[in-house]
Amino acid sequence: MGLIARHLESIGFVTTSLSSAWSITASANPPRAAFHDAPLGHTSGPPHTPAAQLAITRAALGLVEVPTDRPVILPLRQAWPLAPEHVWKAEARALADHRTPRHDTPQYERPGDAERTD
Amino acid sequence: MWPIQPPDHVDAVDYIAQTRDSYAQLGYDAYRWAEHPDAPALNAPVELAGARVGLVASGGIYQIGQVAFHHADDTGHRLIPTDVDVADLRISHFAYDTTDAKADPNVVFPIDALRTLEAEGVIGELAPRAVTFMGGIYSQRRVREELIPAVEAEMREMEVDVVLLVPV
């Protein structure tokens, strides 16, 4: 995603990103990012938490209003509410491969979605 | 300067190191993450209240009626109307735990938050379509040659001022 942000900024758009993976974002070096320290798969907030999702999204967008002459990654204050930090981070750091097999046919979330395609 | 390091109070999980060690354990070649030590372009700030905001998200989001993503370097994208009913959103992704995203797509696609910000006047306008795709594309060349031009074309056509990018 950092590649896309860098490209869009280079052609005149003002870009900002969310991230829950500091090292990946820092390596790709996009113009602006807000860091939400949460398990992957929740970049814009915990499920069913409209207030938290709003605050996180608002914080990322706010970066476009601040002048900067260098790329910025802003750590957000929201702590992950659904597990103690040491627990979810220990799971995230475990050397487990969670990827599922890579099919070259569409993978629908629910049975029946395929029949409803246009 | 590069890469930006987290401040001392942030104990960020290092997914680059995690992936390197995990792949080594599995006997795979090291994954090559994008590395851009050179500074990005940085445009002048804009007032959000007057800005049209575009949303780009890589969580594998599609809408009922659309073809789902496949999981082998799918560089395709989907256009999601930003007045979509969240109940019509679906998730298809091979590389993260999608349990919570399937229960509430807003965790990777903050559409309700953006609509609230538009209603409150914090942002001027939400662009009519969001661009979604499935991250985890292993070829940076294919990202550059296939995906980025498509995202650029959509942002240009909608004449957005600001782009919010939400990876997973």
# chains A, B, ... in the order shown; residues from 1 in each chain; ligands from 1
$ select_by_dssp --residues "chain B" --states "strand (DSSP E or B)" --output "PyMOL selection string"
chain B and resi 52-57+59+61-63+77-81+89-91+125-126+129-134+162-166
$ select_by_dssp --residues "segment 5-99 of chain B" --states "alpha helix (DSSP H)" --output "list of chain:residue names"
B:Tyr15, B:Ile16, B:Ala17, B:Gln18, B:Thr19, B:Arg20, B:Asp21, B:Ser22, B:Tyr23, B:Ala24, B:Gln25, B:Leu26, B:Thr99
$ write_last_selection --atoms "N, CA, C and O atoms" --output "mmCIF file, in the first residue's frame"
data_model
loop_
_atom_site.group_PDB
_atom_site.id
_atom_site.type_symbol
_atom_site.label_atom_id
_atom_site.label_comp_id
_atom_site.auth_asym_id
_atom_site.auth_seq_id
_atom_site.Cartn_x
_atom_site.Cartn_y
_atom_site.Cartn_z
ATOM 1 N N TYR B 15 6.717 -7.127 11.938
ATOM 2 C CA TYR B 15 6.246 -8.168 11.020
ATOM 3 C C TYR B 15 7.262 -8.482 9.926
ATOM 4 O O TYR B 15 7.221 -9.558 9.340
ATOM 5 N N ILE B 16 8.169 -7.574 9.642
ATOM 6 C CA ILE B 16 9.222 -7.910 8.673
ATOM 7 C C ILE B 16 10.123 -9.001 9.257
ATOM 8 O O ILE B 16 10.402 -10.016 8.611
ATOM 9 N N ALA B 17 10.546 -8.812 10.495
ATOM 10 C CA ALA B 17 11.377 -9.827 11.141
ATOM 11 C C ALA B 17 10.598 -11.126 11.322
ATOM 12 O O ALA B 17 11.126 -12.222 11.101
ATOM 13 N N GLN B 18 9.341 -10.990 11.677
ATOM 14 C CA GLN B 18 8.498 -12.164 11.908
ATOM 15 C C GLN B 18 8.361 -12.984 10.626
ATOM 16 O O GLN B 18 8.481 -14.202 10.635
ATOM 17 N N THR B 19 8.120 -12.285 9.515
ATOM 18 C CA THR B 19 7.972 -12.976 8.236
ATOM 19 C C THR B 19 9.283 -13.614 7.799
ATOM 20 O O THR B 19 9.312 -14.749 7.318
ATOM 21 N N ARG B 20 10.383 -12.890 7.986
ATOM 22 C CA ARG B 20 11.696 -13.436 7.613
ATOM 23 C C ARG B 20 11.970 -14.734 8.374
ATOM 24 O O ARG B 20 12.344 -15.747 7.785
ATOM 25 N N ASP B 21 11.722 -14.704 9.673
ATOM 26 C CA ASP B 21 12.006 -15.883 10.487
ATOM 27 C C ASP B 21 11.035 -17.018 10.172
ATOM 28 O O ASP B 21 11.423 -18.190 10.132
ATOM 29 N N SER B 22 9.778 -16.660 9.942
ATOM 30 C CA SER B 22 8.774 -17.670 9.636
ATOM 31 C C SER B 22 9.079 -18.356 8.306
ATOM 32 O O SER B 22 9.009 -19.583 8.183
ATOM 33 N N TYR B 23 9.441 -17.566 7.297
ATOM 34 C CA TYR B 23 9.751 -18.136 5.981
ATOM 35 C C TYR B 23 10.998 -19.014 6.058
ATOM 36 O O TYR B 23 11.069 -20.068 5.431
ATOM 37 N N ALA B 24 11.993 -18.551 6.839
ATOM 38 C CA ALA B 24 13.215 -19.334 6.970
ATOM 39 C C ALA B 24 12.911 -20.691 7.604
ATOM 40 O O ALA B 24 13.433 -21.725 7.176
ATOM 41 N N GLN B 25 12.030 -20.668 8.589
ATOM 42 C CA GLN B 25 11.656 -21.908 9.271
ATOM 43 C C GLN B 25 10.955 -22.874 8.307
ATOM 44 O O GLN B 25 11.100 -24.082 8.402
ATOM 45 N N LEU B 26 10.196 -22.288 7.366
ATOM 46 C CA LEU B 26 9.456 -23.108 6.404
ATOM 47 C C LEU B 26 10.315 -23.492 5.196
ATOM 48 O O LEU B 26 9.865 -24.240 4.325
ATOM 49 N N THR B 99 -12.024 -13.079 10.532
ATOM 50 C CA THR B 99 -13.213 -13.299 11.370
ATOM 51 C C THR B 99 -13.909 -11.990 11.719
ATOM 52 O O THR B 99 -15.121 -11.832 11.515
#
$ residues_around --residues "segment 111-127 of chain B" --least-positions-apart "5" --cutoff "9 Å" --atoms "only C-alpha atoms" --output "PyMOL selection string"
(chain A and resi 50-51+53-58+61) or (chain B and resi 47-55+81-84+86+105-106+155+158-160)
$ atom_distance --atom1 "atom CA of Pro75 of chain A" --atom2 "atom CA of Leu40 of chain A"
15.6 Å
$ closest_atom_pairs --of "segment 61-135 of chain B" --to "segment 85-108 of chain A" --cutoff "12 Å" --atoms "only C-alpha atoms" --output "Markdown table"
| residue | atom | partner | partner_atom | distance |
| --- | --- | --- | --- | --- |
| B:Ile61 | CA | A:Tyr108 | CA | 10.5 |
| B:Tyr62 | CA | A:Tyr108 | CA | 9.2 |
| B:Gln63 | CA | A:Tyr108 | CA | 10.5 |
| B:Ile64 | CA | A:Tyr108 | CA | 9.6 |
| B:Gly65 | CA | A:Tyr108 | CA | 10.8 |
| B:Gln66 | CA | A:Tyr108 | CA | 9.7 |
| B:Val67 | CA | A:Pro106 | CA | 6.7 |
| B:Ala68 | CA | A:Pro106 | CA | 5.0 |
| B:Phe69 | CA | A:Pro106 | CA | 5.0 |
| B:His70 | CA | A:Pro106 | CA | 4.2 |
| B:His71 | CA | A:Arg102 | CA | 4.7 |
| B:Ala72 | CA | A:Arg102 | CA | 5.1 |
| B:Asp73 | CA | A:Asp104 | CA | 8.4 |
| B:Asp74 | CA | A:Asp104 | CA | 8.1 |
| B:Thr75 | CA | A:Asp104 | CA | 11.7 |
| B:Gly76 | CA | A:Pro106 | CA | 11.3 |
| B:Leu89 | CA | A:Tyr108 | CA | 11.3 |
| B:Arg90 | CA | A:Tyr108 | CA | 8.0 |
| B:Ile91 | CA | A:Tyr108 | CA | 7.8 |
| B:Ser92 | CA | A:Gln107 | CA | 6.2 |
| B:His93 | CA | A:Gln107 | CA | 8.2 |
| B:Phe94 | CA | A:Thr100 | CA | 5.1 |
| B:Ala95 | CA | A:Arg99 | CA | 4.7 |
| B:Tyr96 | CA | A:Arg99 | CA | 6.9 |
| B:Asp97 | CA | A:His98 | CA | 7.8 |
| B:Thr98 | CA | A:His98 | CA | 11.1 |
| B:Lys102 | CA | A:Tyr108 | CA | 11.7 |
| B:Met134 | CA | A:Gln107 | CA | 11.5 |
$ atom_distance --atom1 "atom CA of Ile73 of chain A" --atom2 "atom CA of Ala52 of chain A"
18.9 Å
$ residues_around --residues "His9 of chain B" --least-positions-apart "4" --cutoff "12 Å" --atoms "only C-alpha atoms" --output "PyMOL selection string"
(chain A and resi 37+75-77) or (chain B and resi 5)
$ closest_residue --among "A:Leu3, A:Ala83, A:Val64, A:Ala59" --to "Thr15 of chain A" --atoms "only C-alpha atoms"
A:Val64
$ residues_around --residues "segment 32-34 of chain B" --least-positions-apart "4" --cutoff "12 Å" --atoms "only C-alpha atoms" --output "number ranges by chain"
A: 1-4, 6, 23-30; B: 3, 15-17, 19-20, 23, 28, 38, 136-141, 143-144
$ write_last_selection --atoms "C-alpha atoms" --output "CSV table (one decimal), in the first residue's frame"
chain,number,residue,atom,x,y,z
A,1,MET,CA,0.0,0.0,0.0
A,2,GLY,CA,3.0,2.3,0.6
A,3,LEU,CA,3.9,2.1,-3.1
A,4,ILE,CA,0.4,3.3,-4.0
A,6,ARG,CA,3.9,7.3,-2.7
A,23,SER,CA,8.0,-1.9,10.2
A,24,ILE,CA,6.3,-2.7,6.9
A,25,THR,CA,5.0,0.9,6.6
A,26,ALA,CA,8.3,2.4,7.7
A,27,SER,CA,10.1,0.3,5.1
A,28,ALA,CA,7.8,1.4,2.3
A,29,ASN,CA,8.0,5.0,3.5
A,30,PRO,CA,4.7,6.6,2.5
B,3,PRO,CA,13.2,3.6,8.3
B,15,TYR,CA,6.2,-8.2,11.0
B,16,ILE,CA,9.2,-7.9,8.7
B,17,ALA,CA,11.4,-9.8,11.1
B,19,THR,CA,8.0,-13.0,8.2
B,20,ARG,CA,11.7,-13.4,7.6
B,23,TYR,CA,9.8,-18.1,6.0
B,28,TYR,CA,11.0,-20.4,1.8
B,38,ASP,CA,14.3,7.8,-0.6
B,136,GLY,CA,-0.5,-9.8,-0.5
B,137,ILE,CA,0.5,-9.3,-4.1
B,138,TYR,CA,4.0,-10.8,-4.2
B,139,SER,CA,5.1,-9.0,-7.3
B,140,GLN,CA,5.9,-5.3,-6.9
B,141,ARG,CA,6.2,-5.1,-10.7
B,143,VAL,CA,1.5,-3.7,-8.4
B,144,ARG,CA,3.3,-0.9,-10.3
